[in-house]
file structure.pdb (PDB, C-alpha atoms)
ATOM      1  CA  MET A   1      52.900 -22.133 -10.322
ATOM      2  CA  LEU A   2      50.202 -23.440 -12.619
ATOM      3  CA  LYS A   3      47.563 -22.424 -10.095
ATOM      4  CA  LYS A   4      48.924 -18.877 -10.022
ATOM      5  CA  ILE A   5      48.879 -18.689 -13.807
ATOM      6  CA  ALA A   6      45.298 -20.006 -13.911
ATOM      7  CA  LEU A   7      44.243 -17.487 -11.273
ATOM      8  CA  PHE A   8      45.934 -14.657 -13.181
ATOM      9  CA  MET A   9      44.230 -15.672 -16.436
ATOM     10  CA  ALA A  10      40.834 -15.849 -14.720
ATOM     11  CA  LEU A  11      41.389 -12.386 -13.255
ATOM     12  CA  CYS A  12      42.319 -11.003 -16.661
ATOM     13  CA  ALA A  13      39.188 -12.550 -18.151
ATOM     14  CA  CYS A  14      37.042 -10.880 -15.475
ATOM     15  CA  VAL A  15      38.705  -7.512 -16.097
ATOM     16  CA  ALA A  16      38.211  -7.863 -19.841
ATOM     17  CA  ALA A  17      34.549  -8.797 -19.386
ATOM     18  CA  PHE A  18      33.999  -5.869 -17.053
ATOM     19  CA  ALA A  19      35.689  -3.512 -19.514
ATOM     20  CA  GLN A  20      33.167  -4.526 -22.152
ATOM     21  CA  GLU A  21      30.269  -3.580 -19.890
ATOM     22  CA  ARG A  22      28.566  -0.247 -20.587
ATOM     23  CA  PHE A  23      26.773   1.243 -17.623
ATOM     24  CA  ALA A  24      23.991   3.819 -17.534
ATOM     25  CA  TYR A  25      22.106   5.342 -14.633
ATOM     26  CA  VAL A  26      18.478   6.413 -14.431
ATOM     27  CA  ASN A  27      16.275   8.059 -11.814
ATOM     28  CA  MET A  28      13.048   6.129 -12.266
ATOM     29  CA  GLU A  29      11.210   8.249  -9.708
ATOM     30  CA  THR A  30      11.748  11.295 -11.909
ATOM     31  CA  VAL A  31      10.810   9.366 -15.031
ATOM     32  CA  PHE A  32       7.642   8.077 -13.394
ATOM     33  CA  ASN A  33       6.550  11.488 -12.136
ATOM     34  CA  GLU A  34       7.293  13.184 -15.465
ATOM     35  CA  TYR A  35       5.481  10.550 -17.552
ATOM     36  CA  TYR A  36       2.398  12.026 -19.218
ATOM     37  CA  LYS A  37       0.331   8.975 -18.307
ATOM     38  CA  THR A  38       1.266   9.414 -14.653
ATOM     39  CA  VAL A  39       0.002  12.998 -14.714
ATOM     40  CA  ASN A  40      -3.289  11.904 -16.271
ATOM     41  CA  GLU A  41      -3.701   9.110 -13.747
ATOM     42  CA  ASN A  42      -2.981  11.543 -10.912
ATOM     43  CA  ILE A  43      -5.948  13.600 -12.111
ATOM     44  CA  ASN A  44      -8.136  10.492 -11.956
ATOM     45  CA  ILE A  45      -6.886   9.736  -8.443
ATOM     46  CA  GLU A  46      -7.589  13.303  -7.298
ATOM     47  CA  ASN A  47     -11.128  13.069  -8.698
ATOM     48  CA  LEU A  48     -11.625   9.729  -6.962
ATOM     49  CA  ARG A  49     -10.344  11.231  -3.720
ATOM     50  CA  LYS A  50     -12.763  14.171  -4.130
ATOM     51  CA  GLN A  51     -15.696  11.788  -4.589
ATOM     52  CA  TYR A  52     -14.646   9.982  -1.429
ATOM     53  CA  LEU A  53     -14.319  13.212   0.563
ATOM     54  CA  ASP A  54     -17.679  14.506  -0.685
ATOM     55  CA  GLY A  55     -19.353  11.309   0.462
ATOM     56  CA  PHE A  56     -17.503  11.354   3.766
ATOM     57  CA  ASN A  57     -18.481  14.975   4.434
ATOM     58  CA  LEU A  58     -22.113  14.175   3.678
ATOM     59  CA  LEU A  59     -22.129  11.302   6.156
ATOM     60  CA  ARG A  60     -20.359  13.443   8.731
ATOM     61  CA  ASP A  61     -22.927  16.239   8.341
ATOM     62  CA  GLU A  62     -25.763  13.739   8.721
ATOM     63  CA  PHE A  63     -24.129  12.383  11.870
ATOM     64  CA  GLN A  64     -23.683  15.881  13.279
ATOM     65  CA  ALA A  65     -27.324  16.764  12.574
ATOM     66  CA  SER A  66     -28.510  13.600  14.319
ATOM     67  CA  LEU A  67     -26.180  14.310  17.231
ATOM     68  CA  THR A  68     -27.592  17.805  17.664
ATOM     69  CA  GLU A  69     -31.119  16.407  17.558
ATOM     70  CA  TYR A  70     -30.160  13.712  20.071
ATOM     71  CA  GLN A  71     -28.649  16.236  22.483
ATOM     72  CA  LYS A  72     -31.825  18.310  22.338
ATOM     73  CA  ALA A  73     -33.968  15.252  23.021
ATOM     74  CA  VAL A  74     -31.816  14.340  26.023
ATOM     75  CA  ALA A  75     -32.066  17.879  27.341
ATOM     76  CA  ASP A  76     -35.863  17.843  26.950
ATOM     77  CA  ALA A  77     -36.076  14.489  28.688
ATOM     78  CA  ASP A  78     -34.225  15.938  31.696
ATOM     79  CA  ASN A  79     -36.096  19.247  31.709
ATOM     80  CA  GLU A  80     -38.339  19.236  34.776
ATOM     81  CA  LEU A  81     -40.151  22.308  33.471
ATOM     82  CA  LEU A  82     -41.730  20.191  30.746
ATOM     83  CA  SER A  83     -44.694  17.894  31.243
ATOM     84  CA  GLU A  84     -44.115  14.202  31.886
ATOM     85  CA  GLU A  85     -45.755  13.386  28.556
ATOM     86  CA  VAL A  86     -43.341  15.646  26.669
ATOM     87  CA  ARG A  87     -40.390  14.276  28.622
ATOM     88  CA  ALA A  88     -41.440  10.698  27.917
ATOM     89  CA  THR A  89     -41.695  11.469  24.210
ATOM     90  CA  ALA A  90     -38.242  13.058  24.356
ATOM     91  CA  ARG A  91     -36.805   9.964  26.056
ATOM     92  CA  SER A  92     -38.208   7.710  23.339
ATOM     93  CA  LYS A  93     -36.862  10.006  20.671
ATOM     94  CA  ALA A  94     -33.448  10.098  22.340
ATOM     95  CA  GLN A  95     -33.323   6.292  22.363
ATOM     96  CA  LEU A  96     -34.151   6.122  18.660
ATOM     97  CA  LEU A  97     -31.596   8.783  17.863
ATOM     98  CA  GLU A  98     -28.946   7.008  19.931
ATOM     99  CA  ASN A  99     -29.451   3.879  17.826
ATOM    100  CA  ARG A 100     -29.334   5.953  14.669
ATOM    101  CA  LEU A 101     -26.095   7.578  15.774
ATOM    102  CA  GLN A 102     -24.486   4.183  16.343
ATOM    103  CA  GLN A 103     -25.618   2.994  12.900
ATOM    104  CA  LYS A 104     -24.378   6.186  11.275
ATOM    105  CA  GLN A 105     -21.026   5.890  13.052
ATOM    106  CA  ASP A 106     -20.649   2.314  11.811
ATOM    107  CA  GLU A 107     -21.571   3.460   8.303
ATOM    108  CA  ILE A 108     -18.925   6.185   8.417
ATOM    109  CA  MET A 109     -16.266   3.714   9.553
ATOM    110  CA  ARG A 110     -17.150   1.268   6.753
ATOM    111  CA  TYR A 111     -17.220   4.068   4.193
ATOM    112  CA  ARG A 112     -13.833   5.318   5.348
ATOM    113  CA  GLN A 113     -12.269   1.870   5.230
ATOM    114  CA  ASP A 114     -13.749   0.939   1.857
ATOM    115  CA  GLY A 115     -13.120   4.342   0.286
ATOM    116  CA  LEU A 116      -9.503   4.631   1.337
ATOM    117  CA  GLY A 117      -8.930   1.007   0.376
ATOM    118  CA  GLU A 118     -10.301   1.623  -3.099
ATOM    119  CA  ILE A 119      -8.037   4.630  -3.592
ATOM    120  CA  GLU A 120      -4.994   2.730  -2.337
ATOM    121  CA  ASN A 121      -5.712  -0.260  -4.588
ATOM    122  CA  ARG A 122      -6.211   2.008  -7.593
ATOM    123  CA  GLN A 123      -2.918   3.765  -6.936
ATOM    124  CA  GLN A 124      -1.090   0.469  -6.552
ATOM    125  CA  MET A 125      -2.500  -0.865  -9.825
ATOM    126  CA  ILE A 126      -1.499   2.323 -11.631
ATOM    127  CA  VAL A 127       2.025   2.282 -10.225
ATOM    128  CA  GLU A 128       2.560  -1.351 -11.195
ATOM    129  CA  LYS A 129       1.185  -0.838 -14.695
ATOM    130  CA  LEU A 130       3.142   2.328 -15.479
ATOM    131  CA  ALA A 131       6.318   1.033 -13.856
ATOM    132  CA  GLU A 132       6.181  -1.997 -16.128
ATOM    133  CA  GLU A 133       5.697   0.226 -19.190
ATOM    134  CA  LEU A 134       8.562   2.509 -18.255
ATOM    135  CA  THR A 135      10.915  -0.343 -17.407
ATOM    136  CA  GLY A 136      10.283  -1.765 -20.857
ATOM    137  CA  GLN A 137      11.071   1.603 -22.435
ATOM    138  CA  VAL A 138      14.342   1.818 -20.514
ATOM    139  CA  ARG A 139      15.335  -1.664 -21.656
ATOM    140  CA  LYS A 140      14.647  -0.785 -25.294
ATOM    141  CA  TYR A 141      16.589   2.446 -25.014
ATOM    142  CA  ALA A 142      19.527   0.703 -23.345
ATOM    143  CA  GLU A 143      19.614  -1.918 -26.077
ATOM    144  CA  SER A 144      19.482   0.694 -28.836
ATOM    145  CA  GLN A 145      22.319   2.662 -27.232
ATOM    146  CA  GLY A 146      24.498  -0.325 -26.443
ATOM    147  CA  TYR A 147      24.206  -0.196 -22.657
ATOM    148  CA  THR A 148      24.607  -3.573 -21.008
ATOM    149  CA  THR A 149      23.624  -2.511 -17.488
ATOM    150  CA  VAL A 150      21.272   0.224 -16.246
ATOM    151  CA  LEU A 151      21.265   1.081 -12.558
ATOM    152  CA  GLU A 152      18.350   2.843 -10.850
ATOM    153  CA  VAL A 153      19.534   5.686  -8.602
ATOM    154  CA  SER A 154      16.410   6.964  -6.837
ATOM    155  CA  GLY A 155      16.024   4.003  -4.491
ATOM    156  CA  LYS A 156      16.868   4.357  -0.805
ATOM    157  CA  SER A 157      17.681   1.870   1.933
ATOM    158  CA  LEU A 158      15.589   1.371   5.060
ATOM    159  CA  ASN A 159      17.468   4.162   6.820
ATOM    160  CA  ARG A 160      16.837   6.518   3.862
ATOM    161  CA  VAL A 161      20.401   6.354   2.542
ATOM    162  CA  PRO A 162      20.593   6.355  -1.299
ATOM    163  CA  MET A 163      21.320   2.905  -2.702
ATOM    164  CA  VAL A 164      23.654   4.498  -5.250
ATOM    165  CA  ILE A 165      25.522   7.294  -3.512
ATOM    166  CA  ALA A 166      27.791   8.423  -6.349
ATOM    167  CA  TYR A 167      27.902   7.737 -10.070
ATOM    168  CA  PRO A 168      29.202   9.444 -13.241
ATOM    169  CA  LEU A 169      26.590  12.033 -14.148
ATOM    170  CA  ASP A 170      27.584  11.972 -17.799
ATOM    171  CA  GLN A 171      26.254   8.419 -17.918
ATOM    172  CA  GLU A 172      22.812   9.316 -16.526
ATOM    173  CA  ILE A 173      20.002   8.787 -19.041
ATOM    174  CA  THR A 174      17.067  10.137 -17.020
ATOM    175  CA  GLU A 175      16.458  13.176 -19.206
ATOM    176  CA  ALA A 176      16.709  11.123 -22.373
ATOM    177  CA  ILE A 177      14.168   8.608 -21.053
ATOM    178  CA  VAL A 178      11.744  11.379 -20.023
ATOM    179  CA  LYS A 179      11.904  12.825 -23.552
ATOM    180  CA  LEU A 180      11.498   9.376 -25.066
ATOM    181  CA  VAL A 181       8.392   8.330 -23.115
ATOM    182  CA  ASN A 182       6.688  11.695 -23.659
ATOM    183  CA  ALA A 183       7.555  12.021 -27.334
ATOM    184  CA  GLY A 184       4.462  13.134 -29.262
ATOM    185  CA  HIS A 185       2.544  13.830 -26.040
ATOM    186  CA  GLU A 186       4.206  17.068 -24.936
ATOM    187  CA  ALA A 187       1.077  19.199 -25.385
ATOM    188  CA  GLU A 188      -1.104  16.589 -23.669
ATOM    189  CA  LYS A 189       1.311  16.467 -20.737
ATOM    190  CA  ALA A 190       1.381  20.263 -20.374
ATOM    191  CA  GLU A 191      -2.413  20.445 -20.404
ATOM    192  CA  ALA A 192      -2.696  17.592 -17.909
ATOM    193  CA  GLU A 193      -0.188  19.264 -15.569
ATOM    194  CA  LYS A 194      -2.213  22.472 -15.689
ATOM    195  CA  LYS A 195      -5.433  20.615 -14.939
ATOM    196  CA  LEU A 196      -3.817  18.622 -12.121
ATOM    197  CA  ALA A 197      -2.592  21.825 -10.494
ATOM    198  CA  GLU A 198      -6.107  23.283 -10.672
ATOM    199  CA  VAL A 199      -7.691  20.152  -9.206
ATOM    200  CA  ARG A 200      -5.208  20.075  -6.327
ATOM    201  CA  ALA A 201      -5.686  23.784  -5.660
ATOM    202  CA  LYS A 202      -9.452  23.296  -5.396
ATOM    203  CA  ALA A 203      -8.925  20.333  -3.073
ATOM    204  CA  ARG A 204      -6.678  22.383  -0.782
ATOM    205  CA  ALA A 205      -9.189  25.227  -0.736
ATOM    206  CA  ALA A 206     -12.004  22.818   0.164
ATOM    207  CA  GLN A 207      -9.949  21.282   2.965
ATOM    208  CA  GLU A 208      -9.087  24.703   4.377
ATOM    209  CA  ALA A 209     -12.747  25.762   4.254
ATOM    210  CA  ALA A 210     -13.805  22.558   6.005
ATOM    211  CA  ALA A 211     -11.153  23.080   8.688
ATOM    212  CA  GLN A 212     -12.431  26.603   9.370
ATOM    213  CA  GLN A 213     -15.973  25.323   9.826
ATOM    214  CA  GLN A 214     -14.921  22.830  12.475
TER     215      GLN A 214
END
call {"tool": "encode", "arguments": {"input": "structure.pdb", "output": "structure tokens"}}
result
Amino acid sequence: MLKKIALFMALCACVAAFAQERFAYVNMETVFNEYYKTVNENINIENLRKQYLDGFNLLRDEFQASLTEYQKAVADADNELLSEEVRATARSKAQLLENRLQQKQDEIMRYRQDGLGEIENRQQMIVEKLAEELTGQVRKYAESQGYTTVLEVSGKSLNRVPMVIAYPLDQEITEAIVKLVNAGHEAEKAEAEKKLAEVRAKARAAQEAAAQQQ
């Protein structure tokens, strides 16, 4: 009997403690993407990506020019209508160009690896930094509003199922957090969004033009 009473009292204590909890829900993916600093950093990333692509295209064009020159030298070396002296010169040139092509190919591979790695590392650093800032803002807001627990609702499991499938929408604080973190920077955010759209449009146009040339 005493055990049943103790169990009942413990259950009541748990219910009472749970009743005192105040829950809120936030979509941190939305907050992150709508943060004015994120928009500005996205511009920097796009510019860094453009620098990488410009350098890559330059190396690719140099490789293509050397390849065309190499193919001509090989053709001259095999052309029986040319003199042996000319053909010998073409063979020597083809050998030099073949070595150059290998060096240029290695250079392109290193540039690609280093360039993409730099962009990835920069993005990771930005995400970690801004995520820490935003998490701190959410904690402060929760404390000021009396929330004891804030659950993040944008996360998904390995099979892409939402971690939080259903929750009371009237307890979602995403919009409030977005307004909070952008307070005083609304004009800056709008200008940055406009600039980011322009930068991305130019990048798409450049990619389309490059694809047509291939």
call {"tool": "residues_near_point", "arguments": {"input": "structure.pdb", "point": "(-34.0, 7.4, 23.3)", "cutoff": "12 Å", "atoms": "only C-alpha atoms", "output": "ChimeraX atom specification"}}
result
/A:69-78,87-101
call {"tool": "residues_around", "arguments": {"input": "structure.pdb", "residues": "Ile108 in chain A", "least_positions_apart": "5", "cutoff": "8 Å", "atoms": "all atoms listed in the file", "output": "list in words"}}
result
Phe56, Leu59 and Arg60 of chain A
call {"tool": "closest_atom_pairs", "arguments": {"input": "structure.pdb", "of": "range 61-160 of chain A", "to": "range 174-198 of chain A", "cutoff": "8 Å", "atoms": "only C-alpha atoms", "output": "Markdown table"}}
result
| residue | atom | partner | partner_atom | distance |
| --- | --- | --- | --- | --- |
| A:Leu134 | CA | A:Val181 | CA | 7.6 |
| A:Gln137 | CA | A:Val181 | CA | 7.3 |
| A:Val138 | CA | A:Ile177 | CA | 6.8 |
| A:Tyr141 | CA | A:Ile177 | CA | 7.7 |
call {"tool": "write_last_selection", "arguments": {"input": "structure.pdb", "atoms": "C-alpha atoms", "output": "compact mmCIF listing (two decimals), in the frame of the given file"}}
result
# COMPACT_ATOMS: atom_id res chain seq x y z
CA LEU A 134 8.56 2.51 -18.26
CA GLN A 137 11.07 1.60 -22.44
CA VAL A 138 14.34 1.82 -20.51
CA TYR A 141 16.59 2.45 -25.01
call {"tool": "closest_atom_pairs", "arguments": {"input": "structure.pdb", "of": "range 110-173 of chain A", "to": "range 29-47 of chain A", "cutoff": "8 Å", "atoms": "all atoms listed in the file", "output": "tab-separated table"}}
result
residue	atom	partner	partner_atom	distance
A:Ile119	CA	A:Ile45	CA	7.1
A:Arg122	CA	A:Ile45	CA	7.8
A:Gln123	CA	A:Ile45	CA	7.3
A:Ile126	CA	A:Glu41	CA	7.4
A:Leu130	CA	A:Thr38	CA	7.4
A:Ala131	CA	A:Phe32	CA	7.2
A:Leu134	CA	A:Phe32	CA	7.4
A:Ser154	CA	A:Glu29	CA	6.1
call {"tool": "write_last_selection", "arguments": {"input": "structure.pdb", "atoms": "C-alpha atoms", "output": "compact mmCIF listing (two decimals), in the frame of the given file"}}
result
# COMPACT_ATOMS: atom_id res chain seq x y z
CA ILE A 119 -8.04 4.63 -3.59
CA ARG A 122 -6.21 2.01 -7.59
CA GLN A 123 -2.92 3.76 -6.94
CA ILE A 126 -1.50 2.32 -11.63
CA LEU A 130 3.14 2.33 -15.48
CA ALA A 131 6.32 1.03 -13.86
CA LEU A 134 8.56 2.51 -18.26
CA SER A 154 16.41 6.96 -6.84
call {"tool": "atom_distance", "arguments": {"input": "structure.pdb", "atom1": "CA of Gly155 in chain A", "atom2": "CA of Val199 in chain A"}}
result
29.1 Å
call {"tool": "atom_distance", "arguments": {"input": "structure.pdb", "atom1": "CA of Glu21 in chain A", "atom2": "CA of Thr149 in chain A"}}
result
7.1 Å
call {"tool": "atom_distance", "arguments": {"input": "structure.pdb", "atom1": "CA of Arg22 in chain A", "atom2": "CA of Tyr147 in chain A"}}
result
4.8 Å
call {"tool": "closest_residue", "arguments": {"input": "structure.pdb", "among": "A:Leu53, A:Val164, A:Leu48, A:Ala142", "to": "Asn121 in chain A", "atoms": "all atoms listed in the file"}}
result
A:Leu48
